[in-house]
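J.: Hey, dropping protein13.tsv in here, TSV, C-alpha atoms:
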```tsv
chain	number	residue	atom	x	y	z
V	614	MET	CA	81.71	64.83	-72.75
V	615	PRO	CA	78.54	63.01	-73.84
V	616	TRP	CA	78.75	59.86	-75.94
V	617	SER	CA	78.34	60.26	-79.67
V	618	PHE	CA	78.63	58.16	-82.77
V	619	ALA	CA	81.70	59.81	-84.24
V	620	LEU	CA	85.37	59.04	-84.36
V	621	PRO	CA	87.42	60.94	-81.77
V	622	GLN	CA	87.96	64.61	-82.63
V	623	ALA	CA	91.75	64.08	-82.57
V	624	ILE	CA	91.43	61.85	-85.65
V	625	PHE	CA	89.50	64.49	-87.59
V	626	GLU	CA	92.00	67.21	-86.60
V	627	SER	CA	95.09	65.36	-87.84
V	628	PRO	CA	95.64	64.92	-91.57
V	629	LEU	CA	97.78	61.83	-90.91
V	630	LEU	CA	95.34	60.17	-88.50
V	631	ALA	CA	92.33	61.07	-90.63
V	632	THR	CA	93.96	59.54	-93.71
V	633	LEU	CA	95.39	56.44	-92.03
V	634	THR	CA	92.41	55.52	-89.82
V	635	PRO	CA	90.10	54.30	-92.60
V	636	ILE	CA	93.02	52.58	-94.35
V	637	ALA	CA	94.02	50.78	-91.13
V	638	THR	CA	90.49	49.83	-90.08
V	639	GLY	CA	89.49	48.76	-93.61
V	640	SER	CA	92.68	46.73	-94.02
V	641	THR	CA	92.12	45.05	-90.66
V	642	ILE	CA	88.56	44.07	-91.58
V	643	GLY	CA	89.77	42.84	-94.96
V	644	TYR	CA	92.53	40.77	-93.34
V	645	LEU	CA	90.21	39.25	-90.76
V	646	VAL	CA	87.66	38.24	-93.40
V	647	ASN	CA	90.26	37.27	-96.06
V	648	ARG	CA	92.22	34.93	-93.83
V	649	HIS	CA	89.37	32.50	-94.40
V	650	GLY	CA	89.69	32.94	-98.16
V	651	THR	CA	87.48	35.38	-100.03
V	652	LYS	CA	89.50	34.92	-103.23
V	653	PRO	CA	88.37	31.30	-103.72
V	654	LYS	CA	84.79	32.37	-102.96
V	655	TYR	CA	85.05	35.29	-105.37
V	656	ALA	CA	86.49	33.04	-108.08
V	657	THR	CA	83.53	30.63	-107.89
V	658	LEU	CA	80.84	33.30	-108.08
V	659	LYS	CA	79.06	34.03	-111.33
V	660	GLN	CA	80.01	37.62	-112.12
V	661	PRO	CA	78.06	40.33	-113.93
V	662	PRO	CA	79.63	41.99	-116.99
V	663	LEU	CA	82.58	44.29	-116.21
V	664	ALA	CA	83.44	42.57	-112.93
V	665	PRO	CA	87.07	43.29	-111.94
V	666	PRO	CA	89.69	40.74	-110.96
V	667	ALA	CA	89.99	40.09	-107.23
V	668	TRP	CA	93.50	41.63	-107.03
V	669	LEU	CA	92.11	45.07	-107.95
V	670	PHE	CA	90.05	45.55	-104.78
V	671	PRO	CA	92.85	46.08	-102.19
V	672	PRO	CA	94.68	48.89	-104.04
V	673	VAL	CA	91.44	50.63	-105.02
V	674	TRP	CA	90.08	50.53	-101.48
V	675	THR	CA	93.38	51.72	-100.02
V	676	LEU	CA	93.36	54.75	-102.31
V	677	LEU	CA	89.68	55.49	-101.70
V	678	TYR	CA	90.00	55.13	-97.92
V	679	GLY	CA	92.93	57.56	-97.95
V	680	LEU	CA	91.00	60.12	-100.03
V	681	THR	CA	87.91	59.89	-97.85
V	682	GLY	CA	89.93	60.12	-94.66
V	683	TYR	CA	91.71	63.23	-95.87
V	684	ALA	CA	88.35	64.68	-96.93
V	685	SER	CA	87.09	64.26	-93.36
V	686	TYR	CA	90.13	66.15	-92.06
V	687	HIS	CA	89.72	68.93	-94.62
V	688	ALA	CA	86.01	69.32	-93.85
V	689	THR	CA	86.74	69.49	-90.12
V	690	LYS	CA	89.40	72.12	-90.73
V	691	SER	CA	86.97	74.11	-92.90
V	692	LEU	CA	84.22	73.94	-90.27
V	693	THR	CA	86.67	75.06	-87.60
V	694	SER	CA	87.69	78.06	-89.70
V	695	LEU	CA	84.01	78.94	-90.13
V	696	THR	CA	83.61	78.80	-86.33
V	697	LEU	CA	81.10	75.97	-86.65
V	698	SER	CA	83.35	73.73	-84.59
V	699	THR	CA	80.96	71.84	-82.37
V	700	TYR	CA	82.05	68.29	-81.76
V	701	PRO	CA	80.78	66.14	-83.19
V	702	SER	CA	79.49	67.92	-86.24
V	703	GLU	CA	76.74	66.41	-88.35
V	704	THR	CA	79.29	65.65	-91.06
V	705	GLN	CA	81.59	63.86	-88.59
V	706	ILE	CA	78.69	61.66	-87.51
V	707	LEU	CA	77.75	60.96	-91.14
V	708	TYR	CA	81.38	60.22	-92.00
V	709	THR	CA	81.69	57.78	-89.09
V	710	ALA	CA	78.37	56.13	-90.00
V	711	GLN	CA	79.40	55.62	-93.62
V	712	LEU	CA	82.74	54.18	-92.51
V	713	ALA	CA	80.98	51.73	-90.18
V	714	LEU	CA	78.52	50.71	-92.92
V	715	ASN	CA	81.42	50.28	-95.34
V	716	HIS	CA	83.31	48.07	-92.91
V	717	VAL	CA	80.26	45.86	-92.26
V	718	TRP	CA	79.81	45.00	-95.94
V	719	MET	CA	82.64	42.46	-96.33
V	720	PRO	CA	81.75	40.44	-93.21
V	721	LEU	CA	78.11	40.34	-94.37
V	722	PHE	CA	78.92	39.31	-97.95
V	723	PHE	CA	81.88	36.97	-97.45
V	724	GLY	CA	81.88	36.19	-93.72
V	725	LEU	CA	78.18	35.44	-93.25
V	726	ARG	CA	77.69	34.69	-96.97
V	727	LYS	CA	74.60	36.91	-97.09
V	728	PRO	CA	74.69	39.00	-100.31
V	729	ALA	CA	71.11	40.20	-99.71
V	730	LEU	CA	72.07	41.67	-96.31
V	731	ALA	CA	75.19	43.14	-97.89
V	732	ALA	CA	72.95	44.73	-100.56
V	733	VAL	CA	70.81	46.38	-97.88
V	734	ASP	CA	73.99	47.59	-96.21
V	735	ILE	CA	75.45	49.03	-99.41
V	736	LEU	CA	72.19	50.86	-100.17
V	737	ALA	CA	72.25	52.39	-96.68
V	738	LEU	CA	75.92	53.24	-97.23
V	739	GLY	CA	75.10	54.97	-100.52
V	740	GLY	CA	72.37	57.02	-98.85
V	741	THR	CA	74.70	58.03	-96.03
V	742	VAL	CA	77.43	59.03	-98.48
V	743	ALA	CA	74.89	61.07	-100.49
V	744	ALA	CA	73.79	62.90	-97.32
V	745	LEU	CA	77.41	63.56	-96.35
V	746	MET	CA	78.30	64.85	-99.80
V	747	ARG	CA	75.23	67.08	-99.81
V	748	GLU	CA	76.44	68.66	-96.54
V	749	TRP	CA	79.97	69.05	-97.86
V	750	TRP	CA	78.71	70.67	-101.07
V	751	ASP	CA	77.55	73.56	-98.87
V	752	THR	CA	80.49	73.67	-96.46
V	753	ASP	CA	83.60	72.28	-98.18
V	754	ARG	CA	83.64	71.67	-101.93
V	755	PHE	CA	87.17	70.27	-101.79
V	756	ALA	CA	86.03	67.51	-99.41
V	757	PHE	CA	83.03	66.92	-101.68
V	758	TRP	CA	85.26	66.39	-104.73
V	759	LEU	CA	87.64	64.14	-102.79
V	760	PHE	CA	84.63	61.93	-102.04
V	761	THR	CA	83.39	61.66	-105.65
V	762	PRO	CA	85.69	58.75	-106.68
V	763	TYR	CA	84.48	56.86	-103.59
V	764	ALA	CA	80.84	57.57	-104.45
V	765	ALA	CA	81.42	56.41	-108.03
V	766	TRP	CA	83.12	53.20	-106.83
V	767	LEU	CA	80.24	52.57	-104.41
V	768	GLY	CA	77.84	52.83	-107.33
V	769	TYR	CA	79.93	50.23	-109.17
V	770	ALA	CA	80.17	48.06	-106.03
V	771	THR	CA	76.38	48.24	-105.67
V	772	TYR	CA	76.01	47.02	-109.25
V	773	LEU	CA	78.45	44.17	-108.50
V	774	ASN	CA	76.68	43.24	-105.26
V	775	PHE	CA	73.29	43.05	-106.93
V	776	GLY	CA	74.69	41.37	-110.05
V	777	VAL	CA	76.48	38.68	-108.08
V	778	GLY	CA	73.48	38.25	-105.82
V	779	ILE	CA	71.05	37.76	-108.68
V	780	LEU	CA	73.36	35.53	-110.75
V	781	ASN	CA	74.14	33.28	-107.75
V	782	GLY	CA	70.67	32.99	-106.24
V	783	TRP	CA	71.66	35.33	-103.41
V	784	THR	CA	74.10	32.80	-101.93
V	785	VAL	CA	77.86	32.61	-101.54
V	786	PRO	CA	79.29	29.09	-101.34
V	787	ALA	CA	80.72	27.78	-98.09
V	788	GLU	CA	84.49	27.90	-97.71
V	789	ASP	CA	85.20	24.23	-98.44
V	790	LYS	CA	82.98	24.19	-101.53
V	791	ALA	CA	84.53	27.45	-102.79
V	792	ARG	CA	88.07	26.07	-102.44
V	793	SER	CA	87.27	22.82	-104.23
V	794	GLU	CA	85.43	24.66	-107.04
V	795	ALA	CA	88.32	27.14	-107.41
V	796	LYS	CA	90.81	24.25	-107.68
V	797	GLY	CA	88.58	22.59	-110.28
V	798	LYS	CA	88.43	25.83	-112.29
V	799	GLY	CA	92.22	26.08	-112.18
V	800	ARG	CA	92.58	22.61	-113.71
V	801	GLU	CA	90.12	23.42	-116.50
V	802	GLU	CA	91.98	26.55	-117.63
```
What would the structure in this file look like if it were written as structure tokens?

T.:
Amino acid sequence: MPWSFALPQAIFESPLLATLTPIATGSTIGYLVNRHGTKPKYATLKQPPLAPPAWLFPPVWTLLYGLTGYASYHATKSLTSLTLSTYPSETQILYTAQLALNHVWMPLFFGLRKPALAAVDILALGGTVAALMREWWDTDRFAFWLFTPYAAWLGYATYLNFGVGILNGWTVPAEDKARSEAKGKGREE
């Protein structure tokens, strides 16, 4: 079997694996980046209007990852029933690419403290999601509709990324500075 940029076919063929894989990989990335403290960094950043509290991100992403994972399973099942079951399909490659781009965002923004690079990443992610949804519109409308909350949240996340970037001079404070500023904010309130 030649190498390809797609998750293993077994993941796409199992509703459980397809749903849990993005949740598990996203949670792992979040844990690895958060163990150094994104909440203090987030608290010190100037936020654009309508910015959510930090606690909202984990449950929203868990739900969205589950929906998108199940959509990938459903689309694979639909393609198989249409006898278009070559592995990997174009949609499986696009799905894997968008998942990789999604998972790179947090390390870019909070790990490397590069909101401008994260903005480039999220724009590429949005384009990949649009291409995937365009394909699914033609082959599996159910998968398309499962992806719409994710696409909407990505639009919102793009607004937040650019808003935070612009308001903070495209920098995220270093860990020590973020912690001391967050403690200072706590005393003021």

J.: Work out how far CA of Pro762 (chain V) is from CA of Val785 (chain V), in Å to one decimal.

T.: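 Pair CA of Val785 (chain V) / CA of Pro762 (chain V) returns 27.8 Å.
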
J.: Of the residues V:Thr693, V:Thr771, V:Asn715, V:Thr699, which is the one nearest to Ala729 (chain V), using all atoms listed in the file?

T.: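 Going through V:Thr693, V:Thr771, V:Asn715, V:Thr699 one by one, the smallest distance to Ala729 (chain V) is for V:Thr771.
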
J.: For a quick check of understanding, using all atoms listed in the file, which of V:Thr741, V:Asn774, V:Thr752, V:Asn781 has the smallest distance to Ala684 (chain V)?

T.: V:Thr752

J.: From the list V:Pro665, V:Pro720, V:Gly776, V:Gly682, which residue is nearest Thr634 (chain V) when using only C-alpha atoms?

T.: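 Closest candidate: V:Gly682.
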
J.: Just how far from CA of His687 (chain V) is CA of Glu626 (chain V), in Å to one decimal?

T.: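 For CA of Glu626 (chain V) relative to CA of His687 (chain V), the distance reads 8.5 Å.
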
J.: What is the CA of Gln622 (chain V)-CA of Glu703 (chain V) distance in Å, reported with one decimal?

T.: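 Computing the Euclidean distance for CA of Gln622 (chain V) and CA of Glu703 (chain V) yields 12.7 Å.
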
J.: Might you pull out every residue within 9 Å of region 669-677 of chain V, with only C-alpha atoms counted and same-chain residues fewer than 4 positions away left off, and present them as a PyMOL selection string?

T.: chain V and resi 635-637+639-640+643+665+681-682+759-760+762-763+766

J.: Determine, counting only C-alpha atoms, which protein, DNA and RNA residues have an atom within 12 Å of an atom of Arg747 (chain V); residues of the same chain fewer than 4 positions away are not included. Present the result as a list in words.

T.: Glu703, Thr704, Leu707, Gly740, Thr741, Val742, Ala743, Asp751, Thr752, Asp753, Arg754, Ala756, Phe757, Trp758, Phe760, Thr761 and Ala764 of chain V
